[in-house]
Structure formats: structure tokens, C-alpha cells
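Enquirer: Submitted below is the structure of interest, expressed as C-alpha cells.
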Amino acid sequence: MFAVVETGGKQYKVSIGSIIRVEKIRAKEGEEIILDKILLLNKDGEVLIGKPYLEGVKVIARVLKQDKYPKVIVFKFKRKKHYRRKYGHRQPFTKLSIENIVIQ
């Protein structure tokens with residue numbers, strides 16, 4: 001059984017036991033969260049498609065970690081004009097472990 005969930009403007013294919021990295025969610029490590037924007041559910045070959053979301057289906061996940069991706073360096077340069085700008089960016093993410101897919 002697997003589901004396609006939407007969180008942070010992105011879609012993720014999840015199944016029980018899978019670990020995913022999503023856009024940052026305001027939750028503490030070890031906390032249990034519910035993802036209720038389910039776009040698709042495949043249960044034993046039977047496919048349910050939401051319009052846009054499925055009613056009565058939710059995914060229960062546990063927050064494993066709040067962290068940041070490695071730094072991306074941005075360097076702007078214009079020759080002969082003595083223009084240089086260097087800055088970095090680290091995107092925050094939340095690491096989730098999918099615990100259960102509940103169908104009501």
C-alpha cells in the first residue's frame with residue numbers, strides 16, 4: 001500500500017516505514033503529525049484518486065529530525081566593474097518517518 005501526499009507545495013510517494021525529507025514543518029522532534037492532503041491511494045491494486053484530495057484518508061508520520069541541507073554558494077561577478085557578491089543559503093527541512101496510512 002502506498003499514497004501520494006502533498007506538503008510544502010510538493011508531492012511525495014510514501015508507504016509505511018518510508019523516510020522522507022519535506023519542507024520545514026513546525027513540529028518538535030519525536031512529535032507525531034498528520035498529513036491529510038492525500039492525492040492518491042493504492043491499496044492492494046485498488047487505486048483511489050482524489051479530486052483534488054481524498055476524504056477520510058490520512059497519513060500519520062513522526063518527526064525524526066529538523067535540519068538544514070548543505071550550504072549552496074551563490075557568487076555574482078561582473079568583469080571590469082569591480083562587482084562581486086558572495087552569499088550562501090541553507091534550506092531547512094524536516095525528516096519524517098511514515099508510521100501508518102489510515103483509511104476511515
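Chains: A, B, ... in order of the C-alpha cells. Residues: from 1 per chain. Ligands: from 1, in order shown.
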Within region 50-96 of chain A, find each residue whose DSSP state, derived from the backbone, is strand (DSSP E), and express the selection as a VMD selection string.

Expert: chain A and resid 57 to 68 72 to 78 83 to 89 92 to 96

Enquirer: Counting only C-alpha atoms, which residues of region 48-89 of chain A fall within 10 Å of region 8-28 of chain A, and what is the closest atom pair for each with its distance in Å at one decimal, ordered by chain and rising number, as a Markdown table?

Expert:
| residue | atom | partner | partner_atom | distance |
| --- | --- | --- | --- | --- |
| A:Val59 | CA | A:Val14 | CA | 8.9 |
| A:Ile60 | CA | A:Ile16 | CA | 9.3 |
| A:Ala61 | CA | A:Ile16 | CA | 9.2 |
| A:Arg62 | CA | A:Ala27 | CA | 9.6 |
| A:Val63 | CA | A:Lys28 | CA | 7.0 |
| A:Leu64 | CA | A:Lys28 | CA | 8.8 |
| A:Lys65 | CA | A:Lys28 | CA | 8.2 |
| A:Gln66 | CA | A:Lys24 | CA | 7.5 |
| A:Asp67 | CA | A:Lys24 | CA | 8.6 |
| A:Lys68 | CA | A:Lys24 | CA | 9.2 |

Enquirer: Check the smallest atom-to-atom distance from each of A:Asn42, A:Leu48, A:Lys58, A:Asp36 to Asn100 (chain A) using only C-alpha atoms, then report the winner.

Expert: A:Lys58

Enquirer: Select, from A:Gly88, A:His82, A:Phe93, A:Ile101, the residue with the minimum atom-to-atom distance to Ile38 (chain A), counting only C-alpha atoms.

Expert: A:Ile101

Enquirer: Kindly indicate which residue among A:Val72, A:Ile34, A:Leu40, A:Gln104 lies nearest to Val5 (chain A), using only C-alpha atoms for the distances.

Expert: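 Closest to Val5 (chain A), using only C-alpha atoms: A:Leu40.
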
Enquirer: Which distance in Å separates CA of Leu35 (chain A) and CA of Ile98 (chain A), to one decimal?

Expert: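 Computing it gives 9.8 Å between the two atoms.
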
Enquirer: Restricting the calculation to only C-alpha atoms, which member of A:Ile73, A:Leu96, A:Ala3, A:Val102 is positioned closest to Ile33 (chain A)?

Expert: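 Of A:Ile73, A:Leu96, A:Ala3, A:Val102, the one nearest Ile33 (chain A) is A:Leu96, counting only C-alpha atoms.
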
Enquirer: Given the choices A:Phe2, A:Phe77, A:Glu29, A:Lys37, which gets closest to Thr94 (chain A) if the distance is worked out from only C-alpha atoms?

Expert: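 Among the listed residues, the smallest separation from Thr94 (chain A) belongs to A:Glu29.
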